[in-house]
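Encoded as structure tokens, the structure appears first; notes follow it.
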Number of protein chains: 2
Amino acid sequence: MKHFSEISPSAERIVDVAESLIQNVGFNGFSYEDIARIVGIKKPSIHHHFATKAELVTVLTQRYTHRFREQLLHVEAGNRNPLERLRAYAQLFEATYATQQRLCLCGMLGAEIDTLPESINAEVKRFFKINLEWLRDIITTGQQQQLLKTMPAEEMAMLFIGALEGSMVVGRGMNSDHGPQKAAKTLLDCWTV
Amino acid sequence: MKHFSEISPSAERIVDVAESLIQNVGFNGFSYEDIARIVGIKKPSIHHHFATKAELVTVLTQRYTHRFREQLLHVEAGNRNPLERLRAYAQLFEATYATQQRLCLCGMLGAEIDTLPESINAEVKRFFKINLEWLRDIITTGQQQQLLKTMPAEEMAMLFIGALEGSMVVGRGMNSDHGPQKAAKTLLDCWTV
DNA sequence: GTCTATACTTGGATAGAC
DNA sequence: GTCTATCCAAGTATAGAC
């Protein structure tokens, strides 16, 4: 399996398009033909870069998680306060949703998980694991600094990411702009001491 | 378009199977062939009952919302306390999730909304609208009785249903049993005065 | 790296017999 | 209400030329 850091510029354009397609229509909602049309090439050219759809999406999800981790570092670097970090974290989801009501890639794939190749499932699982651990640590720090209510940090982390993911699903379902940012604001208003 | 209350027993079995398929694999994840195999009939027999997939799923979603409303009445009848009502409401989602990690039908369809016929989209929207209004009223009552924190009830309603929907998506993505019930518990622990 | 041509399968849908 | 037979389009994938 290819690694996302070793792909050519052409392959990268394919990955970019495929990623946004999944966020809007899901794994089962797009085809190589759709990518081909948008990128401006033919179907077999995509197979040259990614032999199967499973491989394409696996690589793409690895890249997504990698970039997300980089953004987490950026959130940490730009914000000292745990509360500000949580707000900045929510902004990552808001930025996604603000772009054509895109869902979190792994949120969409999570919903479709029963239809996906195992290599993708493992990546989705890893994405959430990383996020939950990061959130748990930030929340724990916030509690130690008495900025956040004292409750099990693991539960709060699950609630936080679930609320962000869910706000996008419900927001899309209603064609509403009420998304992750508002959800996070309301939740943090409950959590701040 | 057929109405769900007028369908024959055979049609009802088809709707039952299609409903659970959507909850597990999404609109784009199943075919008439899948339904046929599970029900034990042939593809064209399904077309006899529902000319198109769009019609089948539209009717099915109408039935889902109708049944959900009935359950809301049941929740109201069985619980006087607004807090208990919210807990019982969350249990509706938990019961779904506990069955093979099924998602809320409209949560799944909401994620796929860009790929669906407009007649389905309208039903999904209606489902969420009904739920949000119901939640808002319960929450408002809870606030009047000083059982719940005072915050904008509309925002709390969005957060509540979003957290439930999202807990299922994340829970599936991680293959975890951490679902709606735990999310609701954590959230209500924040909301109770 | 991209193309044309093609193979094979599945998916949605229809016609018409029983 | 269900079946067989069939149609057509789309989806995934491969072979081989440029």
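Order determines the names: the first chain of the structure tokens is A, the second B, and so forth; residues in each chain are numbered 1 upward, and ligands are numbered 1 upward as they are shown.
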DG12 (chain C) surroundings by only C-alpha atoms (C1' of nucleotides), 9 Å radius, close-in-sequence under 2 positions cut, as a PDB file with N, CA and C atoms (P, O5', C5', C4', C3', O3' and C1' of nucleotides), in the first residue's frame:
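Once written, result02.pdb looks like this:
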ATOM      1  N   SER B  31     -29.261  -2.629  -1.890  1.00  0.00           N
ATOM      2  CA  SER B  31     -29.985  -2.696  -3.162  1.00  0.00           C
ATOM      3  C   SER B  31     -31.274  -3.515  -2.977  1.00  0.00           C
ATOM      4  N   TYR B  32     -32.123  -3.433  -3.981  1.00  0.00           N
ATOM      5  CA  TYR B  32     -33.336  -4.258  -3.983  1.00  0.00           C
ATOM      6  C   TYR B  32     -32.970  -5.730  -3.862  1.00  0.00           C
ATOM      7  N   THR B  52     -40.157   2.552  -7.124  1.00  0.00           N
ATOM      8  CA  THR B  52     -38.763   3.019  -7.111  1.00  0.00           C
ATOM      9  C   THR B  52     -38.197   2.965  -5.700  1.00  0.00           C
ATOM     10  N   LYS B  53     -36.896   2.962  -5.637  1.00  0.00           N
ATOM     11  CA  LYS B  53     -36.212   2.986  -4.347  1.00  0.00           C
ATOM     12  C   LYS B  53     -36.559   4.276  -3.602  1.00  0.00           C
TER      13      LYS B  53
ATOM     14  P    DA D   9     -28.711   3.078 -21.780  1.00  0.00           P
ATOM     15  O5'  DA D   9     -28.185   3.429 -20.313  1.00  0.00           O
ATOM     16  C5'  DA D   9     -29.127   3.726 -19.295  1.00  0.00           C
ATOM     17  C4'  DA D   9     -28.409   3.745 -17.971  1.00  0.00           C
ATOM     18  C3'  DA D   9     -27.027   4.406 -18.044  1.00  0.00           C
ATOM     19  O3'  DA D   9     -26.943   5.355 -17.004  1.00  0.00           O
ATOM     20  C1'  DA D   9     -26.846   2.205 -17.144  1.00  0.00           C
TER      21       DA D   9
END
Discussion item. Would you mind listing, as number ranges by chain, all residues of chain A that have at least one atom within 12 Å of chain D, where only C-alpha atoms (C1' of nucleotides) are what counts?
Written reply: A: 28-34, 43-48, 50-54
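Close contacts of Gly26 (chain B), defined as residues with an atom at most 10 Å away when counting only C-alpha atoms (C1' of nucleotides), with chain neighbours fewer than 2 positions off set aside, comprise Gly26, Asn28, Gly29, Ala111, Glu112, Ile113, Asp114 and Thr115 of chain A; Ala18, Glu19, Ser20, Leu21, Ile22, Gln23, Asn24, Asn28, Gly29, Phe30, Leu103, Leu105, Gly107, Met108, Leu109, Ala111 and Glu112 of chain B.
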Discussion item. Neighbouring residues of Ser167 (chain B) were defined as those with any atom within 9 Å, considering only C-alpha atoms (C1' of nucleotides); residues of the same chain fewer than 4 positions away were excluded. Please report them as JSON, numbers by chain.
Written reply: {"A": [158, 159, 161, 162, 163, 165, 166], "B": [162, 163, 171, 172, 178, 179, 180, 181, 182, 183]}
Keeping only N, CA and C atoms, write the selected residues as a PDB file, in the first residue's frame.
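Full text of out.pdb as output:
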ATOM      1  N   MET A 158     -15.800  12.033  25.019  1.00  0.00           N
ATOM      2  CA  MET A 158     -16.748  11.359  24.128  1.00  0.00           C
ATOM      3  C   MET A 158     -17.920  12.284  23.802  1.00  0.00           C
ATOM      4  N   LEU A 159     -18.435  12.922  24.817  1.00  0.00           N
ATOM      5  CA  LEU A 159     -19.569  13.823  24.598  1.00  0.00           C
ATOM      6  C   LEU A 159     -19.173  14.966  23.667  1.00  0.00           C
ATOM      7  N   ILE A 161     -16.696  15.240  21.294  1.00  0.00           N
ATOM      8  CA  ILE A 161     -16.521  14.898  19.872  1.00  0.00           C
ATOM      9  C   ILE A 161     -17.836  14.401  19.277  1.00  0.00           C
ATOM     10  N   GLY A 162     -18.611  13.679  20.056  1.00  0.00           N
ATOM     11  CA  GLY A 162     -19.912  13.216  19.577  1.00  0.00           C
ATOM     12  C   GLY A 162     -20.831  14.384  19.257  1.00  0.00           C
ATOM     13  N   ALA A 163     -20.815  15.394  20.110  1.00  0.00           N
ATOM     14  CA  ALA A 163     -21.662  16.566  19.877  1.00  0.00           C
ATOM     15  C   ALA A 163     -21.235  17.297  18.606  1.00  0.00           C
ATOM     16  N   GLU A 165     -19.597  15.929  15.946  1.00  0.00           N
ATOM     17  CA  GLU A 165     -19.969  15.082  14.807  1.00  0.00           C
ATOM     18  C   GLU A 165     -21.477  15.141  14.561  1.00  0.00           C
ATOM     19  N   GLY A 166     -22.219  15.017  15.633  1.00  0.00           N
ATOM     20  CA  GLY A 166     -23.680  14.992  15.508  1.00  0.00           C
ATOM     21  C   GLY A 166     -24.257  16.311  15.031  1.00  0.00           C
TER      22      GLY A 166
ATOM     23  N   GLY B 162     -28.038  16.397  18.781  1.00  0.00           N
ATOM     24  CA  GLY B 162     -26.767  16.238  18.091  1.00  0.00           C
ATOM     25  C   GLY B 162     -25.839  15.303  18.842  1.00  0.00           C
ATOM     26  N   ALA B 163     -25.824  15.432  20.155  1.00  0.00           N
ATOM     27  CA  ALA B 163     -24.965  14.566  20.967  1.00  0.00           C
ATOM     28  C   ALA B 163     -25.411  13.112  20.857  1.00  0.00           C
ATOM     29  N   GLY B 171     -19.474   6.025  18.131  1.00  0.00           N
ATOM     30  CA  GLY B 171     -19.485   4.687  18.714  1.00  0.00           C
ATOM     31  C   GLY B 171     -19.314   3.607  17.653  1.00  0.00           C
ATOM     32  N   ARG B 172     -19.994   3.757  16.541  1.00  0.00           N
ATOM     33  CA  ARG B 172     -19.841   2.799  15.440  1.00  0.00           C
ATOM     34  C   ARG B 172     -18.440   2.848  14.882  1.00  0.00           C
ATOM     35  N   HIS B 178     -20.167   2.520  23.705  1.00  0.00           N
ATOM     36  CA  HIS B 178     -20.431   3.844  24.270  1.00  0.00           C
ATOM     37  C   HIS B 178     -21.365   4.587  23.338  1.00  0.00           C
ATOM     38  N   GLY B 179     -22.633   4.648  23.718  1.00  0.00           N
ATOM     39  CA  GLY B 179     -23.640   5.212  22.827  1.00  0.00           C
ATOM     40  C   GLY B 179     -24.463   6.320  23.450  1.00  0.00           C
ATOM     41  N   PRO B 180     -25.678   6.485  22.946  1.00  0.00           N
ATOM     42  CA  PRO B 180     -26.547   7.591  23.323  1.00  0.00           C
ATOM     43  C   PRO B 180     -26.828   7.694  24.818  1.00  0.00           C
ATOM     44  N   GLN B 181     -26.984   6.552  25.455  1.00  0.00           N
ATOM     45  CA  GLN B 181     -27.360   6.601  26.862  1.00  0.00           C
ATOM     46  C   GLN B 181     -26.275   7.271  27.705  1.00  0.00           C
ATOM     47  N   LYS B 182     -25.037   6.899  27.445  1.00  0.00           N
ATOM     48  CA  LYS B 182     -23.929   7.483  28.217  1.00  0.00           C
ATOM     49  C   LYS B 182     -23.754   8.958  27.880  1.00  0.00           C
ATOM     50  N   ALA B 183     -23.934   9.277  26.585  1.00  0.00           N
ATOM     51  CA  ALA B 183     -23.828  10.682  26.183  1.00  0.00           C
ATOM     52  C   ALA B 183     -24.877  11.518  26.919  1.00  0.00           C
TER      53      ALA B 183
END
May I have a table of the residues of region 52-92 of chain B lying at most 10 Å from region 127-143 of chain B, giving each one's closest pair of atoms and their distance in Å to one decimal, counting only C-alpha atoms, ordered by chain and ascending residue number, as a Markdown table?
| residue | atom | partner | partner_atom | distance |
| --- | --- | --- | --- | --- |
| B:Thr61 | CA | B:Phe127 | CA | 8.7 |
| B:Gln62 | CA | B:Phe127 | CA | 8.7 |
| B:Tyr64 | CA | B:Phe127 | CA | 8.7 |
| B:Thr65 | CA | B:Phe127 | CA | 5.8 |
| B:His66 | CA | B:Phe127 | CA | 9.0 |
| B:Phe68 | CA | B:Phe127 | CA | 8.7 |
| B:Arg69 | CA | B:Ile130 | CA | 8.2 |
| B:Leu72 | CA | B:Trp134 | CA | 8.3 |
| B:Glu76 | CA | B:Ile138 | CA | 9.4 |
| B:Asn81 | CA | B:Gly142 | CA | 7.8 |
| B:Pro82 | CA | B:Gly142 | CA | 5.2 |
| B:Leu83 | CA | B:Gly142 | CA | 6.9 |
| B:Arg85 | CA | B:Ile138 | CA | 7.6 |
| B:Leu86 | CA | B:Ile138 | CA | 7.6 |
| B:Tyr89 | CA | B:Leu135 | CA | 9.0 |
Please, could you write that set of residues out with all heavy atoms as a compact mmCIF listing (two decimals), in the first residue's frame?
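Output contents, as saved in result-v1.txt:
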# COMPACT_ATOMS: atom_id res chain seq x y z
N THR B 61 -39.52 6.37 5.64
CA THR B 61 -39.12 7.47 6.54
C THR B 61 -40.35 8.12 7.16
O THR B 61 -40.33 8.51 8.34
CB THR B 61 -38.28 8.50 5.77
OG1 THR B 61 -37.21 7.84 5.10
CG2 THR B 61 -37.68 9.53 6.72
N GLN B 62 -41.42 8.19 6.39
CA GLN B 62 -42.67 8.70 6.96
C GLN B 62 -43.13 7.81 8.10
O GLN B 62 -43.56 8.29 9.15
CB GLN B 62 -43.75 8.79 5.87
CG GLN B 62 -43.52 9.94 4.90
CD GLN B 62 -44.37 9.84 3.65
OE1 GLN B 62 -44.96 8.80 3.35
NE2 GLN B 62 -44.42 10.93 2.88
N TYR B 64 -41.27 5.88 9.91
CA TYR B 64 -40.31 6.03 11.01
C TYR B 64 -40.67 7.24 11.87
O TYR B 64 -40.72 7.15 13.11
CB TYR B 64 -38.90 6.18 10.44
CG TYR B 64 -37.79 6.20 11.47
CD1 TYR B 64 -37.27 5.02 11.99
CD2 TYR B 64 -37.23 7.41 11.90
CE1 TYR B 64 -36.24 5.03 12.91
CE2 TYR B 64 -36.19 7.42 12.81
CZ TYR B 64 -35.70 6.24 13.32
OH TYR B 64 -34.67 6.26 14.23
N THR B 65 -40.92 8.35 11.22
CA THR B 65 -41.26 9.57 11.95
C THR B 65 -42.58 9.42 12.69
O THR B 65 -42.72 9.83 13.84
CB THR B 65 -41.33 10.77 10.99
OG1 THR B 65 -40.06 10.92 10.35
CG2 THR B 65 -41.67 12.05 11.73
N HIS B 66 -43.54 8.77 12.03
CA HIS B 66 -44.83 8.54 12.67
C HIS B 66 -44.67 7.72 13.95
O HIS B 66 -45.20 8.06 15.00
CB HIS B 66 -45.77 7.81 11.71
CG HIS B 66 -47.09 7.46 12.30
ND1 HIS B 66 -48.13 8.37 12.42
CD2 HIS B 66 -47.54 6.30 12.84
CE1 HIS B 66 -49.15 7.77 12.99
NE2 HIS B 66 -48.84 6.52 13.26
N PHE B 68 -42.01 7.36 15.66
CA PHE B 68 -41.21 8.11 16.64
C PHE B 68 -42.10 9.06 17.42
O PHE B 68 -41.98 9.19 18.65
CB PHE B 68 -40.10 8.89 15.93
CG PHE B 68 -38.87 9.06 16.77
CD1 PHE B 68 -37.84 8.14 16.73
CD2 PHE B 68 -38.76 10.14 17.65
CE1 PHE B 68 -36.72 8.29 17.53
CE2 PHE B 68 -37.64 10.30 18.45
CZ PHE B 68 -36.62 9.38 18.39
N ARG B 69 -43.03 9.68 16.73
CA ARG B 69 -43.97 10.57 17.42
C ARG B 69 -44.80 9.81 18.44
O ARG B 69 -45.09 10.31 19.52
CB ARG B 69 -44.92 11.23 16.41
CG ARG B 69 -44.24 12.22 15.53
CD ARG B 69 -45.25 12.85 14.59
NE ARG B 69 -45.68 14.14 15.11
CZ ARG B 69 -46.03 15.15 14.33
NH1 ARG B 69 -46.01 15.02 13.02
NH2 ARG B 69 -46.39 16.29 14.86
N LEU B 72 -42.80 9.39 21.37
CA LEU B 72 -42.71 10.63 22.15
C LEU B 72 -43.93 10.78 23.07
O LEU B 72 -43.80 11.15 24.23
CB LEU B 72 -42.61 11.84 21.21
CG LEU B 72 -41.33 11.95 20.38
CD1 LEU B 72 -41.33 13.23 19.55
CD2 LEU B 72 -40.08 11.90 21.27
N GLU B 76 -43.97 10.89 27.15
CA GLU B 76 -44.68 11.90 27.94
C GLU B 76 -45.64 11.26 28.93
O GLU B 76 -45.74 11.66 30.09
CB GLU B 76 -45.46 12.85 27.02
CG GLU B 76 -44.54 13.72 26.18
CD GLU B 76 -45.35 14.68 25.31
OE1 GLU B 76 -46.14 15.46 25.86
OE2 GLU B 76 -45.19 14.63 24.07
N ASN B 81 -41.77 14.07 35.08
CA ASN B 81 -40.61 14.93 35.28
C ASN B 81 -39.86 15.19 33.96
O ASN B 81 -39.51 14.25 33.26
CB ASN B 81 -39.69 14.22 36.29
CG ASN B 81 -38.50 15.08 36.68
OD1 ASN B 81 -37.81 15.59 35.81
ND2 ASN B 81 -38.28 15.20 37.97
N PRO B 82 -39.62 16.45 33.63
CA PRO B 82 -38.91 16.78 32.39
C PRO B 82 -37.56 16.08 32.28
O PRO B 82 -37.16 15.64 31.18
CB PRO B 82 -38.71 18.29 32.49
CG PRO B 82 -39.79 18.77 33.37
CD PRO B 82 -40.06 17.67 34.34
N LEU B 83 -36.86 15.95 33.39
CA LEU B 83 -35.58 15.26 33.36
C LEU B 83 -35.75 13.80 33.00
O LEU B 83 -34.98 13.24 32.21
CB LEU B 83 -34.92 15.35 34.74
CG LEU B 83 -33.85 16.42 34.88
CD1 LEU B 83 -33.51 16.62 36.35
CD2 LEU B 83 -32.63 15.99 34.09
N ARG B 85 -38.16 12.62 31.33
CA ARG B 85 -38.56 12.58 29.92
C ARG B 85 -37.34 12.63 29.01
O ARG B 85 -37.27 11.92 28.00
CB ARG B 85 -39.51 13.74 29.61
CG ARG B 85 -40.89 13.52 30.19
CD ARG B 85 -41.83 14.67 29.91
NE ARG B 85 -43.19 14.33 30.37
CZ ARG B 85 -44.23 15.15 30.27
NH1 ARG B 85 -44.09 16.37 29.76
NH2 ARG B 85 -45.42 14.77 30.69
N LEU B 86 -36.39 13.46 29.35
CA LEU B 86 -35.17 13.53 28.53
C LEU B 86 -34.39 12.22 28.60
O LEU B 86 -33.85 11.75 27.59
CB LEU B 86 -34.29 14.71 28.99
CG LEU B 86 -34.86 16.10 28.73
CD1 LEU B 86 -33.93 17.18 29.28
CD2 LEU B 86 -35.11 16.33 27.24
N TYR B 89 -36.24 9.78 26.52
CA TYR B 89 -35.99 10.12 25.10
C TYR B 89 -34.67 9.54 24.64
O TYR B 89 -34.58 8.91 23.58
CB TYR B 89 -36.00 11.64 24.95
CG TYR B 89 -35.70 12.14 23.55
CD1 TYR B 89 -36.70 12.25 22.60
CD2 TYR B 89 -34.41 12.53 23.19
CE1 TYR B 89 -36.43 12.71 21.32
CE2 TYR B 89 -34.13 13.00 21.92
CZ TYR B 89 -35.15 13.09 20.99
OH TYR B 89 -34.86 13.56 19.72
Item to complete: From a DSSP calculation on the backbone, collect every residue of region 8-184 of chain A in alpha helix (DSSP H) and output the set as a PyMOL selection string.
Response: chain A and resi 9-25+32-39+43-49+53-78+82-98+105-111+118-144+153-173+180-184
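Of the residues under consideration (A:Lys42, A:Lys2, A:His74, A:Arg87), A:Lys42 shows the shortest atom-to-atom contact distance to chain C when counting only C-alpha atoms (C1' of nucleotides).
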Discussion item. At a cut-off of 10 Å, which residues of chain C touch chain B? Count only C-alpha atoms (C1' of nucleotides) and give the answer as a PyMOL selection string.
Written reply: chain C and resi 10-14
Just-selected residues, C-alpha atoms (C1' of nucleotides) written as a PDB file, in the first residue's frame:
ATOM      1  C1'  DT C  10     -24.308  -5.119  -9.968  1.00  0.00           C
ATOM      2  C1'  DG C  11     -28.238  -1.989  -9.576  1.00  0.00           C
ATOM      3  C1'  DG C  12     -32.656  -0.052 -10.794  1.00  0.00           C
ATOM      4  C1'  DA C  13     -36.358  -0.892 -13.465  1.00  0.00           C
ATOM      5  C1'  DT C  14     -39.953  -3.018 -16.953  1.00  0.00           C
TER       6       DT C  14
END
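As for CA of Arg63 (chain B) and CA of Phe4 (chain B), they are spaced 5.9 Å apart.
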Worksheet item: Expressed in Å to a single decimal, how great is the separation between CA of Val169 (chain A) and CA of Ala122 (chain A)?
Response: 22.0 Å
